[in-house]
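Structure file model.cif (mmCIF, C-alpha atoms) follows.
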data_coords
#
loop_
_atom_site.label_atom_id
_atom_site.label_comp_id
_atom_site.auth_asym_id
_atom_site.auth_seq_id
_atom_site.Cartn_x
_atom_site.Cartn_y
_atom_site.Cartn_z
CA MET A 1215 12.16 7.58 -4.69
CA THR A 1216 14.98 8.43 -7.12
CA SER A 1217 17.96 6.13 -6.85
CA PHE A 1218 20.63 5.62 -9.48
CA SER A 1219 22.42 2.44 -10.43
CA ASN A 1220 23.98 3.24 -13.80
CA GLY A 1221 27.64 3.29 -12.88
CA ASN A 1222 27.55 6.87 -11.64
CA ASP A 1223 28.94 7.26 -8.12
CA THR A 1224 25.79 9.15 -7.11
CA HIS A 1225 23.23 6.80 -5.56
CA HIS A 1226 20.49 9.18 -4.43
CA VAL A 1227 19.52 12.87 -4.59
CA SER A 1228 16.87 14.43 -2.33
CA PHE A 1229 15.72 17.84 -1.13
CA ASN A 1230 14.75 18.63 2.43
CA GLN A 1231 11.13 19.42 3.32
CA ASP A 1232 11.27 23.14 2.52
CA TYR A 1233 13.55 22.77 -0.51
CA THR A 1234 16.35 24.89 0.92
CA CYS A 1235 18.96 22.11 0.85
CA VAL A 1236 19.87 19.20 -1.39
CA SER A 1237 21.50 15.96 -0.18
CA ILE A 1238 23.62 13.72 -2.39
CA ALA A 1239 24.41 10.13 -1.39
CA SER A 1240 27.31 8.32 -3.03
CA ARG A 1241 29.61 5.32 -2.65
CA GLU A 1242 32.04 7.58 -0.77
CA GLY A 1243 29.54 8.99 1.73
CA PHE A 1244 27.25 12.00 1.40
CA SER A 1245 27.21 15.78 0.96
CA ILE A 1246 24.64 18.48 1.74
CA PHE A 1247 24.42 21.80 -0.08
CA ASN A 1248 22.45 24.97 0.60
CA LEU A 1249 20.54 26.11 -2.47
CA ASP A 1250 20.25 29.86 -1.99
CA PRO A 1251 23.06 30.71 -2.19
CA VAL A 1252 24.57 27.48 -3.44
CA GLU A 1253 27.28 26.39 -1.01
CA LEU A 1254 28.58 23.23 0.65
CA ARG A 1255 26.92 22.79 4.03
CA TYR A 1256 28.24 19.42 5.21
CA LYS A 1257 30.33 16.56 3.88
CA HIS A 1258 30.98 13.08 5.24
CA SER A 1259 33.28 10.76 3.30
CA GLY A 1260 35.82 8.01 3.71
CA GLY A 1261 33.40 5.72 5.49
CA GLU A 1262 30.55 3.53 4.35
CA GLY A 1263 28.75 4.07 1.08
CA VAL A 1264 25.29 5.66 1.32
CA GLY A 1265 22.45 4.51 -0.89
CA HIS A 1266 19.68 6.76 0.42
CA ILE A 1267 19.66 10.02 2.39
CA GLU A 1268 16.91 12.21 3.89
CA MET A 1269 17.22 15.40 5.92
CA LEU A 1270 14.90 16.72 8.61
CA HIS A 1271 14.34 20.31 7.48
CA CYS A 1272 17.63 22.16 8.16
CA THR A 1273 18.46 20.34 11.38
CA SER A 1274 21.49 18.16 12.04
CA LEU A 1275 19.37 15.00 11.95
CA ILE A 1276 20.00 12.86 8.87
CA ALA A 1277 18.53 9.48 7.88
CA LEU A 1278 20.96 7.19 6.04
CA VAL A 1279 20.72 3.79 4.36
CA GLY A 1280 23.73 1.74 3.29
CA SER A 1281 24.51 1.32 -0.41
CA GLY A 1282 26.07 -2.13 -0.36
CA ASP A 1283 29.30 -0.85 -1.94
CA GLN A 1284 31.34 -2.01 1.04
CA PRO A 1285 30.82 -4.96 3.42
CA GLY A 1286 29.68 -2.65 6.22
CA SER A 1287 27.23 -0.64 4.14
CA SER A 1288 24.38 -3.11 3.81
CA PRO A 1289 21.17 -1.80 2.19
CA ARG A 1290 19.36 -3.48 5.07
CA LYS A 1291 21.02 -1.13 7.55
CA PHE A 1292 19.31 2.13 8.55
CA LYS A 1293 21.14 4.79 10.54
CA LEU A 1294 19.99 8.01 12.18
CA TRP A 1295 22.98 10.37 12.15
CA ASN A 1296 23.71 13.62 14.02
CA SER A 1297 25.84 15.73 11.69
CA LYS A 1298 26.64 18.24 14.43
CA ASN A 1299 28.16 15.70 16.82
CA LYS A 1300 29.18 13.34 14.00
CA GLU A 1301 27.76 10.35 15.76
CA THR A 1302 25.11 7.68 15.27
CA ILE A 1303 21.90 8.19 17.24
CA CYS A 1304 20.23 4.94 16.26
CA GLU A 1305 20.99 1.99 13.98
CA ILE A 1306 18.52 -0.67 12.83
CA THR A 1307 19.09 -3.69 10.60
CA PHE A 1308 16.00 -4.89 8.75
CA PRO A 1309 15.27 -8.36 7.29
CA SER A 1310 15.31 -7.01 3.73
CA SER A 1311 16.62 -3.96 1.88
CA VAL A 1312 15.39 -0.52 2.88
CA LEU A 1313 13.86 0.96 -0.28
CA ASN A 1314 12.68 4.35 0.95
CA VAL A 1315 12.75 6.58 4.04
CA LYS A 1316 10.54 9.57 4.88
CA LEU A 1317 10.45 11.67 8.03
CA ASN A 1318 9.00 14.77 9.64
CA ARG A 1319 9.42 16.18 13.14
CA ASP A 1320 7.07 13.57 14.63
CA ARG A 1321 7.33 10.43 12.53
CA LEU A 1322 9.92 8.32 10.73
CA VAL A 1323 8.67 5.88 8.08
CA ILE A 1324 10.82 3.13 6.56
CA CYS A 1325 9.66 1.18 3.52
CA LEU A 1326 10.69 -2.39 2.67
CA GLU A 1327 9.31 -4.30 -0.28
CA LEU A 1328 6.58 -5.99 1.77
CA GLN A 1329 6.42 -3.86 4.93
CA ILE A 1330 6.25 -0.27 6.12
CA HIS A 1331 7.59 0.52 9.61
CA VAL A 1332 6.25 3.62 11.40
CA TYR A 1333 8.36 5.10 14.23
CA GLU A 1334 7.96 7.89 16.74
CA LEU A 1335 10.97 10.02 15.87
CA ALA A 1336 11.60 11.40 19.37
CA THR A 1337 11.97 7.95 20.96
CA MET A 1338 12.52 5.70 17.90
CA LYS A 1339 9.75 3.48 19.23
CA CYS A 1340 8.16 1.33 16.53
CA LEU A 1341 4.46 2.25 16.53
CA GLN A 1342 3.20 0.08 13.69
CA ILE A 1343 4.33 -2.39 11.06
CA LEU A 1344 2.12 -2.37 7.99
CA SER A 1345 2.09 -5.36 5.66
CA THR A 1346 1.83 -4.29 2.04
CA THR A 1347 1.58 -5.84 -1.39
CA PRO A 1348 4.93 -6.03 -3.24
CA ASN A 1349 6.34 -2.52 -3.59
CA PRO A 1350 9.74 -3.06 -5.25
CA SER A 1351 10.32 0.65 -5.91
CA GLY A 1352 9.54 1.66 -2.31
CA LEU A 1353 6.96 4.17 -3.49
CA MET A 1354 5.36 6.21 -0.69
CA ALA A 1355 4.92 9.81 0.49
CA LEU A 1356 4.67 11.38 3.95
CA SER A 1357 3.10 14.75 4.71
CA GLY A 1358 4.48 17.27 7.18
CA GLU A 1359 4.18 17.07 10.95
CA SER A 1360 0.97 19.12 10.92
CA SER A 1361 -0.85 16.03 9.64
CA SER A 1362 1.58 13.07 9.23
CA TYR A 1363 -0.43 11.37 6.50
CA LEU A 1364 1.18 8.47 4.66
CA VAL A 1365 0.26 7.16 1.20
CA PHE A 1366 1.50 4.02 -0.50
CA PRO A 1367 0.26 1.73 -3.31
CA SER A 1368 -2.68 -0.45 -2.40
CA GLY A 1369 -2.36 -3.23 -4.92
CA ALA A 1370 -5.68 -4.67 -3.76
CA ALA A 1371 -8.26 -2.92 -5.92
CA GLY A 1372 -5.92 -2.15 -8.81
CA ALA A 1373 -2.39 -1.16 -9.72
CA GLY A 1374 -3.22 2.53 -9.53
CA SER A 1375 -4.86 2.60 -6.10
CA VAL A 1376 -3.28 4.23 -3.06
CA VAL A 1377 -3.91 3.80 0.65
CA LEU A 1378 -4.13 6.88 2.87
CA TYR A 1379 -2.93 6.18 6.41
CA ASP A 1380 -2.83 8.42 9.50
CA CYS A 1381 0.56 8.03 11.23
CA VAL A 1382 -0.72 9.82 14.35
CA SER A 1383 -3.90 7.84 15.08
CA LEU A 1384 -2.37 4.76 13.38
CA ARG A 1385 -5.43 3.97 11.30
CA LEU A 1386 -6.35 3.63 7.66
CA LEU A 1387 -8.36 6.58 6.39
CA SER A 1388 -9.34 5.72 2.83
CA GLN A 1389 -8.36 4.20 -0.46
CA ILE A 1390 -8.04 6.36 -3.57
CA ASP A 1391 -8.40 4.75 -6.98
CA ALA A 1392 -6.13 7.26 -8.65
CA HIS A 1393 -5.13 5.55 -11.91
CA LYS A 1394 -5.77 2.45 -13.95
CA LYS A 1395 -2.09 1.72 -14.45
CA THR A 1396 0.73 1.17 -11.97
CA LEU A 1397 1.63 4.16 -9.84
CA MET A 1398 4.94 5.89 -10.50
CA ALA A 1399 5.02 8.99 -8.30
CA MET A 1400 3.06 10.78 -5.58
CA GLN A 1401 3.59 13.86 -3.45
CA PHE A 1402 1.77 15.87 -0.75
CA ASN A 1403 1.69 19.63 -0.65
CA ARG A 1404 3.29 21.45 2.27
CA GLU A 1405 0.16 21.43 4.47
CA GLY A 1406 -0.79 17.85 3.67
CA THR A 1407 -4.18 18.93 2.30
CA MET A 1408 -3.56 17.85 -1.31
CA LEU A 1409 -1.99 14.81 -2.97
CA VAL A 1410 -0.83 14.58 -6.59
CA THR A 1411 -0.29 11.21 -8.27
CA ALA A 1412 1.10 9.91 -11.57
CA SER A 1413 1.12 6.48 -13.18
CA VAL A 1414 3.84 4.77 -15.21
CA THR A 1415 2.39 6.35 -18.34
CA GLY A 1416 3.11 9.82 -17.03
CA THR A 1417 0.70 11.72 -19.27
CA VAL A 1418 -1.97 12.54 -16.67
CA LEU A 1419 -1.47 13.74 -13.11
CA ARG A 1420 -4.38 13.82 -10.69
CA LEU A 1421 -4.90 16.04 -7.67
CA PHE A 1422 -6.88 14.79 -4.67
CA ALA A 1423 -8.09 16.40 -1.46
CA VAL A 1424 -6.70 14.96 1.77
CA PRO A 1425 -8.03 13.25 3.83
CA SER A 1426 -11.35 12.94 1.94
CA GLY A 1427 -9.81 11.52 -1.24
CA GLU A 1428 -12.01 13.70 -3.45
CA HIS A 1429 -10.68 14.22 -6.96
CA LEU A 1430 -10.03 17.95 -7.39
CA CYS A 1431 -8.63 18.29 -10.91
CA SER A 1432 -6.31 16.72 -13.47
CA PHE A 1433 -3.17 17.99 -15.17
CA ARG A 1434 -2.02 16.79 -18.57
CA ARG A 1435 1.74 16.71 -19.07
CA GLY A 1436 1.66 15.59 -22.70
CA THR A 1437 0.61 12.76 -24.98
CA ARG A 1438 3.79 10.67 -25.02
CA SER A 1439 4.67 8.40 -22.12
CA ALA A 1440 7.50 9.45 -19.82
CA GLN A 1441 8.69 8.43 -16.39
CA ILE A 1442 7.81 11.03 -13.76
CA THR A 1443 10.99 11.52 -11.74
CA SER A 1444 10.00 14.43 -9.50
CA LEU A 1445 6.89 16.22 -8.17
CA CYS A 1446 7.07 19.46 -6.21
CA PHE A 1447 4.48 21.94 -4.91
CA SER A 1448 5.42 25.55 -4.26
CA GLN A 1449 5.26 26.86 -0.69
CA ARG A 1450 1.70 28.14 -1.06
CA SER A 1451 0.61 25.20 -3.28
CA SER A 1452 -0.21 27.60 -6.11
CA VAL A 1453 2.21 25.95 -8.54
CA LEU A 1454 3.15 22.33 -9.27
CA ALA A 1455 6.44 21.42 -10.95
CA VAL A 1456 6.79 18.04 -12.68
CA GLY A 1457 10.07 16.56 -13.89
CA SER A 1458 10.16 13.64 -16.32
CA SER A 1459 12.59 11.33 -18.07
CA SER A 1460 12.03 13.28 -21.28
CA GLY A 1461 14.21 16.02 -19.80
CA THR A 1462 11.31 18.44 -19.39
CA VAL A 1463 10.08 20.37 -16.35
CA HIS A 1464 6.39 21.26 -16.66
CA ILE A 1465 4.79 24.01 -14.57
CA PHE A 1466 1.07 23.80 -13.72
CA ASP A 1467 -1.18 26.46 -12.20
CA VAL A 1468 -2.89 24.61 -9.33
CA GLY A 1469 -5.20 27.51 -8.46
CA ALA A 1470 -6.52 27.72 -12.01
CA GLY A 1471 -7.14 23.97 -12.00
CA LEU A 1472 -9.16 24.16 -8.81
CA ARG A 1473 -11.20 27.11 -10.08
CA LYS A 1474 -11.96 25.33 -13.35
CA ARG A 1475 -13.07 22.24 -11.46
CA GLN A 1476 -15.36 24.27 -9.18
CA GLN A 1477 -16.94 26.03 -12.14
CA SER A 1478 -17.56 22.70 -13.88
CA SER A 1479 -19.00 21.07 -10.75
CA GLY A 1480 -21.21 24.04 -10.04
CA SER A 1481 -22.73 24.07 -13.51
CA GLY A 1482 -24.45 20.70 -13.30
CA ALA A 1483 -25.06 17.56 -11.34
CA GLY A 1484 -23.12 15.45 -13.81
CA GLY A 1485 -19.88 17.40 -13.61
CA GLY A 1486 -18.21 15.05 -11.19
CA GLY A 1487 -15.74 13.67 -13.70
CA VAL A 1488 -13.21 11.20 -12.39
CA GLY A 1489 -13.51 10.33 -8.76
CA ALA A 1490 -15.78 13.04 -7.42
CA GLY A 1491 -17.05 12.44 -3.93
CA GLY A 1492 -15.33 12.16 -0.58
CA GLY A 1493 -14.49 9.28 1.68
CA GLY A 1494 -14.43 6.56 -0.93
CA GLY A 1495 -11.77 8.27 -3.00
CA GLY A 1496 -11.59 9.01 -6.70
CA LYS A 1497 -12.80 5.94 -8.53
CA ILE A 1498 -12.13 5.54 -12.25
CA THR A 1499 -15.04 3.76 -13.84
CA GLU A 1500 -14.09 3.94 -17.50
CA ARG A 1501 -10.95 3.72 -19.61
CA GLU A 1502 -8.30 6.14 -18.46
CA ASP A 1503 -6.91 8.45 -21.13
CA GLU A 1504 -3.24 7.66 -20.62
CA SER A 1505 -2.32 6.27 -24.00
CA ASP A 1506 1.21 6.05 -25.32
CA ALA A 1507 0.21 6.84 -28.86
CA GLY A 1508 2.09 9.63 -30.56
CA GLY A 1509 2.66 13.09 -29.28
CA GLY A 1510 5.48 14.80 -27.47
CA ASP A 1511 6.10 16.96 -24.44
CA GLU A 1512 7.01 20.04 -26.39
CA GLU A 1513 4.37 22.75 -26.50
CA GLY A 1514 3.85 24.08 -30.00
CA SER A 1515 4.45 20.75 -31.79
CA TRP A 1516 2.05 19.74 -34.54
CA ARG A 1517 0.66 16.97 -32.35
CA ASP A 1518 -0.06 19.44 -29.56
CA SER A 1519 -1.89 21.63 -32.09
CA LEU A 1520 -4.11 18.67 -32.92
CA THR A 1521 -4.54 17.93 -29.22
CA SER A 1522 -5.49 21.56 -28.60
CA SER A 1523 -8.12 21.35 -31.33
CA ALA A 1524 -9.49 18.15 -29.84
CA ARG A 1525 -9.60 19.76 -26.40
CA SER A 1526 -11.56 22.71 -27.82
CA TYR A 1527 -13.97 20.32 -29.52
CA PHE A 1528 -14.56 18.36 -26.31
CA SER A 1529 -15.08 21.61 -24.39
CA MET A 1530 -17.69 22.76 -26.89
CA ALA A 1531 -19.38 19.36 -26.83
CA GLN A 1532 -19.39 19.49 -23.06
CA SER A 1533 -21.07 22.90 -23.09
CA TRP A 1534 -23.66 21.76 -25.65
CA SER A 1535 -24.50 18.60 -23.72
CA LYS A 1536 -25.00 20.60 -20.52
CA ALA A 1537 -27.14 23.20 -22.27
CA ALA A 1538 -29.26 20.51 -23.90
CA VAL A 1539 -30.23 18.80 -20.66
CA GLY A 1540 -30.30 21.61 -18.18
CA GLY A 1541 -26.72 21.36 -16.88
CA LEU A 1542 -26.27 17.58 -16.89
CA ASN A 1543 -22.97 16.56 -18.49
CA LEU A 1544 -23.49 13.59 -20.84
CA LEU A 1545 -19.90 13.19 -22.05
CA PRO A 1546 -18.17 9.92 -21.11
CA GLN A 1547 -15.82 10.37 -18.17
CA PRO A 1548 -12.53 10.03 -20.13
CA MET A 1549 -13.69 12.69 -22.62
CA GLN A 1550 -14.94 14.90 -19.82
CA GLU A 1551 -11.65 14.71 -17.96
CA PHE A 1552 -9.75 15.42 -21.18
CA ALA A 1553 -11.80 18.58 -21.70
CA GLU A 1554 -11.37 19.70 -18.08
CA SER A 1555 -7.66 18.85 -17.71
CA MET A 1556 -5.22 21.69 -17.10
CA TRP A 1557 -2.21 21.87 -19.38
CA ALA A 1558 1.19 23.25 -18.43
CA ILE A 1559 1.44 27.03 -18.39
CA ALA A 1560 5.19 26.79 -18.93
CA HIS A 1561 7.94 24.28 -19.38
CA ALA A 1562 11.70 24.24 -19.59
CA ARG A 1563 14.12 21.68 -20.92
CA VAL A 1564 17.02 20.11 -19.05
CA PRO A 1565 19.91 19.20 -21.41
CA LEU A 1566 20.18 15.53 -20.50
CA SER A 1567 23.13 15.03 -22.86
CA VAL A 1568 25.14 17.11 -20.40
CA ALA A 1569 23.27 16.49 -17.17
CA GLY A 1570 22.48 12.77 -17.26
CA GLY A 1571 19.21 10.88 -17.45
CA HIS A 1572 17.58 11.51 -14.04
CA PHE A 1573 17.02 14.65 -12.03
CA GLN A 1574 15.11 16.10 -9.08
CA VAL A 1575 13.15 19.37 -9.16
CA ALA A 1576 12.62 21.95 -6.40
CA LEU A 1577 10.54 25.13 -6.36
CA LEU A 1578 12.28 27.79 -4.27
CA THR A 1579 10.22 30.66 -2.90
CA VAL A 1580 12.54 33.65 -2.83
CA THR A 1581 10.14 36.39 -1.71
CA PRO A 1582 9.71 37.32 1.99
CA THR A 1583 5.97 37.91 1.41
CA ALA A 1584 5.29 34.36 0.24
CA ASP A 1585 2.57 33.81 2.86
CA ASP A 1586 0.59 36.90 1.78
CA PRO A 1587 -2.19 35.62 -0.53
CA GLN A 1588 -2.32 39.03 -2.22
CA VAL A 1589 1.29 38.72 -3.40
CA ASP A 1590 2.30 36.30 -6.15
CA GLU A 1591 4.97 33.81 -5.23
CA ASP A 1592 8.43 34.70 -6.51
CA LEU A 1593 9.70 31.29 -7.60
CA LYS A 1594 12.81 29.72 -9.00
CA ILE A 1595 13.09 26.21 -10.38
CA VAL A 1596 16.18 24.32 -9.25
CA VAL A 1597 17.15 21.06 -10.96
CA VAL A 1598 19.83 18.74 -9.58
CA THR A 1599 20.85 15.83 -11.79
CA GLN A 1600 22.39 12.43 -11.11
CA ASN A 1601 25.87 13.67 -12.01
CA LYS A 1602 25.56 16.66 -9.65
CA HIS A 1603 24.83 19.37 -12.21
CA LEU A 1604 22.65 22.16 -10.87
CA PHE A 1605 20.39 24.22 -13.13
CA ARG A 1606 18.30 27.24 -12.23
CA TYR A 1607 15.26 28.73 -14.01
CA ASN A 1608 13.32 31.87 -13.17
CA VAL A 1609 9.50 31.73 -13.01
CA PRO A 1610 7.67 35.04 -13.65
CA LYS A 1611 5.61 36.31 -10.72
CA ASN A 1612 2.38 36.55 -12.69
CA VAL A 1613 2.41 32.80 -13.26
CA SER A 1614 -1.38 32.72 -13.66
CA GLU A 1615 -1.04 34.92 -16.76
CA LEU A 1616 1.87 33.00 -18.23
CA SER A 1617 1.36 31.19 -21.50
CA ALA A 1618 3.17 27.99 -22.37
CA GLN A 1619 4.97 29.63 -25.27
CA GLN A 1620 6.77 32.16 -23.05
CA MET A 1621 9.05 29.50 -21.56
CA SER A 1622 8.74 26.92 -24.31
CA GLY A 1623 12.08 25.34 -25.09
CA GLU A 1624 13.92 27.65 -22.71
CA GLU A 1625 17.35 26.28 -21.85
CA ALA A 1626 19.06 26.91 -18.53
CA VAL A 1627 22.79 27.34 -18.26
CA VAL A 1628 24.53 25.02 -15.81
CA GLN A 1629 25.14 27.17 -12.76
CA CYS A 1630 27.61 24.81 -11.12
CA VAL A 1631 28.60 21.25 -10.42
CA LEU A 1632 28.19 20.08 -6.83
CA ASP A 1633 31.64 18.55 -6.57
CA ASP A 1634 31.95 18.02 -2.79
CA GLU A 1635 35.27 19.86 -2.64
CA ALA A 1636 34.27 22.99 -4.55
CA LEU A 1637 31.51 24.41 -6.72
CA LEU A 1638 32.74 24.26 -10.29
CA GLU A 1639 31.33 27.38 -11.94
CA TYR A 1640 30.47 27.35 -15.64
#
Show me, as structure tokens, the structure contained in the file I just sent.
Amino acid sequence: MTSFSNGNDTHHVSFNQDYTCVSIASREGFSIFNLDPVELRYKHSGGEGVGHIEMLHCTSLIALVGSGDQPGSSPRKFKLWNSKNKETICEITFPSSVLNVKLNRDRLVICLELQIHVYELATMKCLQILSTTPNPSGLMALSGESSSYLVFPSGAAGAGSVVLYDCVSLRLLSQIDAHKKTLMAMQFNREGTMLVTASVTGTVLRLFAVPSGEHLCSFRRGTRSAQITSLCFSQRSSVLAVGSSSGTVHIFDVGAGLRKRQQSSGSGAGGGGVGAGGGGGGKITEREDESDAGGGDEEGSWRDSLTSSARSYFSMAQSWSKAAVGGLNLLPQPMQEFAESMWAIAHARVPLSVAGGHFQVALLTVTPTADDPQVDEDLKIVVVTQNKHLFRYNVPKNVSELSAQQMSGEEAVVQCVLDDEALLEY
């Protein structure tokens, strides 16, 4: 969940489920914009302040939480709003502040610090109230209506563990020991078959199969800690975009990561790495390589050159150890994961001096043949910042052949400012 409390009048920015619209909540109300083309879709102001907003695809159904700016806009108050009729469908006041809201066509999930409430969206009947360990950031993720899986921090077996819950059958499915350190971000892909997670360190992201919890592969954002502010899969789950507090958007090739993992697993019995095996989830048994020592996000830096050399060394050592013992990998798990991790194929920088310190990232699929596996996805990166600046980056079609240097340091020009009344062109 990305909420802002730094004096800016913007409280929350979120995209809808297919990343075609962006919603902006503020102390004056809220606004919704289409992204392609960029245009104002709906505006509601002059009433209560809004602290959190979520859309249901491109429908008129909007979930709202008060901001606390005015006496009537309590953060404990949740409201389901019909933007077409401009009327409240349902209003619920909770015993403590609402920290996060997620919904799909079947389920509505509301997160408090110590509870998660699961509702049937069609009737607003409360199906389940889950007691959780303290979750002050309201961290959780909900998959689409095809599966309605919910994940949230476990807190029981470790700070980096997540619970996978089925919102249809109302039962716990598994626990995934994703990281050693406290979780910071998590996101499902469109189909709800994959889950990506990041810890507060923000250097390593891990991809898991859903619902088995099997660890599929790891992505390495960099060597310096950064807060992960946004995670986004492309429509076909071939690309993962990661936004961080360093002002960088990293692009990872998911398909290449899965292929590399399969090749490694198929070459020996010891190639399981971190968390291989279904059902029980991905368990980390040794020290996780998420250090904060040195390094930067920028590809091509001298530290990344050293890191690249180390990665090559570990890869060679991995090959030698397998060859020496008939395919069994003898490298310690942290070293093995380091050697097998996928690095960004491209990254772009958001000028935070202009745009502000936090932003959300969306991957727009702009080709009509996006569902054809023989055709590469035609993607655009859209970044919306806390002060309503919108940036746009183009991603080449042959993303699997893209090297990190081709987009390294690329700056995007501000396309416009989402100003409620008009789009201020630059």
Selection result for the PyMOL selection byres ((chain A and resi 1244) around 10) on this file, as a ChimeraX atom specification: /A:1224-1227,1237-1243,1245-1246,1256-1267,1278,1634
Nearby residues, (9.1, 22.2, -17.6) file frame, 8 Å, only C-alpha atoms, as a VMD selection string: chain A and resid 1455 to 1457 1462 to 1465 1560 to 1563
Give me, as a Markdown table, each residue of segment 1296-1333 of chain A that comes within 6 Å of segment 1349-1362 of chain A, together with its shortest interatomic pair and the distance in Å at one decimal, counting all atoms listed in the file, with rows ordered by chain and rising residue number.
| residue | atom | partner | partner_atom | distance |
| --- | --- | --- | --- | --- |
| A:Leu1313 | CA | A:Gly1352 | CA | 4.8 |
| A:Asn1314 | CA | A:Gly1352 | CA | 5.3 |
| A:Asn1318 | CA | A:Glu1359 | CA | 5.5 |
| A:Arg1319 | CA | A:Glu1359 | CA | 5.7 |
| A:Asp1320 | CA | A:Glu1359 | CA | 5.8 |
| A:Cys1325 | CA | A:Gly1352 | CA | 5.9 |
| A:Glu1327 | CA | A:Asn1349 | CA | 4.8 |
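You can rank A:Cys1431, A:Val1382, A:Lys1293, A:Gln1284 by their closest distance to Arg1321 of chain A using all atoms listed in the file, and at the top of that list sits A:Val1382.
Between atom CA of Leu1364 of chain A and atom CA of Gly1469 of chain A there is a distance of 24.0 Å.
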Atomic separation - atom CA of Glu1253 of chain A relative to atom CA of Lys1298 of chain A, Å: 17.5 Å
Chain and number of each residue from the PyMOL selection byres ((chain A and resi 1347) around 8), as a PyMOL selection string: chain A and resi 1327-1328+1345-1346+1348-1349+1367-1370
Picked residues, the PyMOL selection byres ((chain A and resi 1446) around 8), as an MDAnalysis selection string: chainID A and resid 1401 1403 1444:1445 1447:1448 1454:1456 1575:1577
Export of prior selection with C-alpha atoms as a compact mmCIF listing (two decimals), keeping the file's coordinate frame:
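Final output, part12.txt:
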# COMPACT_ATOMS: atom_id res chain seq x y z
CA GLN A 1401 3.59 13.86 -3.45
CA ASN A 1403 1.69 19.63 -0.65
CA SER A 1444 10.00 14.43 -9.50
CA LEU A 1445 6.89 16.22 -8.17
CA PHE A 1447 4.48 21.94 -4.91
CA SER A 1448 5.42 25.55 -4.26
CA LEU A 1454 3.15 22.33 -9.27
CA ALA A 1455 6.44 21.42 -10.95
CA VAL A 1456 6.79 18.04 -12.68
CA VAL A 1575 13.15 19.37 -9.16
CA ALA A 1576 12.62 21.95 -6.40
CA LEU A 1577 10.54 25.13 -6.36
Sel. within 6 Å of pt (-13.6, 19.7, -13.3), counting all atoms listed in the file, output as a list in words: Cys1431, Lys1474, Arg1475, Ser1478 and Glu1554 of chain A
Report, as lines of an AutoDock Vina configuration file, the centre and edge lengths in Å (one decimal) of the axis-aligned box enclosing every listed atom of segment 1412-1419 of chain A, padded by 3 Å on each side.
center_x = 0.9
center_y = 9.3
center_z = -15.4
size_x = 11.8
size_y = 15.0
size_z = 13.7
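Of the listed residues (A:Ser1274, A:Gln1476, A:Asn1248, A:Ser1459), A:Ser1274 comes nearest to Asn1299 of chain A; the distances count all atoms listed in the file.
Counting all atoms listed in the file, the residue from A:Ile1306, A:Cys1340, A:Ala1392, A:Val1596 that sits nearest to Val1236 of chain A is A:Val1596.
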Selection near Thr1307 of chain A, 12 Å with all atoms listed in the file, sequence-local residues under 2 positions removed, as an NGL selection string: :A and (1278-1280 or 1286-1294 or 1304-1305 or 1309-1312 or 1324 or 1326)
Within 7 Å of Phe1433 of chain A using all atoms listed in the file, minus same-chain residues under 4 positions, as a list of chain:residue names: A:Val1418, A:Leu1419, A:Arg1420, A:Ser1555, A:Met1556, A:Trp1557
Could those selected residues go to a file with C-alpha atoms, as a PDB file, keeping the file's coordinate frame?
ATOM      1  CA  VAL A1418      -1.970  12.540 -16.670  1.00  0.00           C
ATOM      2  CA  LEU A1419      -1.470  13.740 -13.110  1.00  0.00           C
ATOM      3  CA  ARG A1420      -4.380  13.820 -10.690  1.00  0.00           C
ATOM      4  CA  SER A1555      -7.660  18.850 -17.710  1.00  0.00           C
ATOM      5  CA  MET A1556      -5.220  21.690 -17.100  1.00  0.00           C
ATOM      6  CA  TRP A1557      -2.210  21.870 -19.380  1.00  0.00           C
TER       7      TRP A1557
END
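Across the structure, atom CA of Lys1594 of chain A and atom CA of Val1453 of chain A are spaced 11.3 Å apart.
Closest approach to Leu1604 of chain A among A:Val1315, A:Phe1247, A:Leu1341, A:Gln1231: A:Phe1247, based on only C-alpha atoms.
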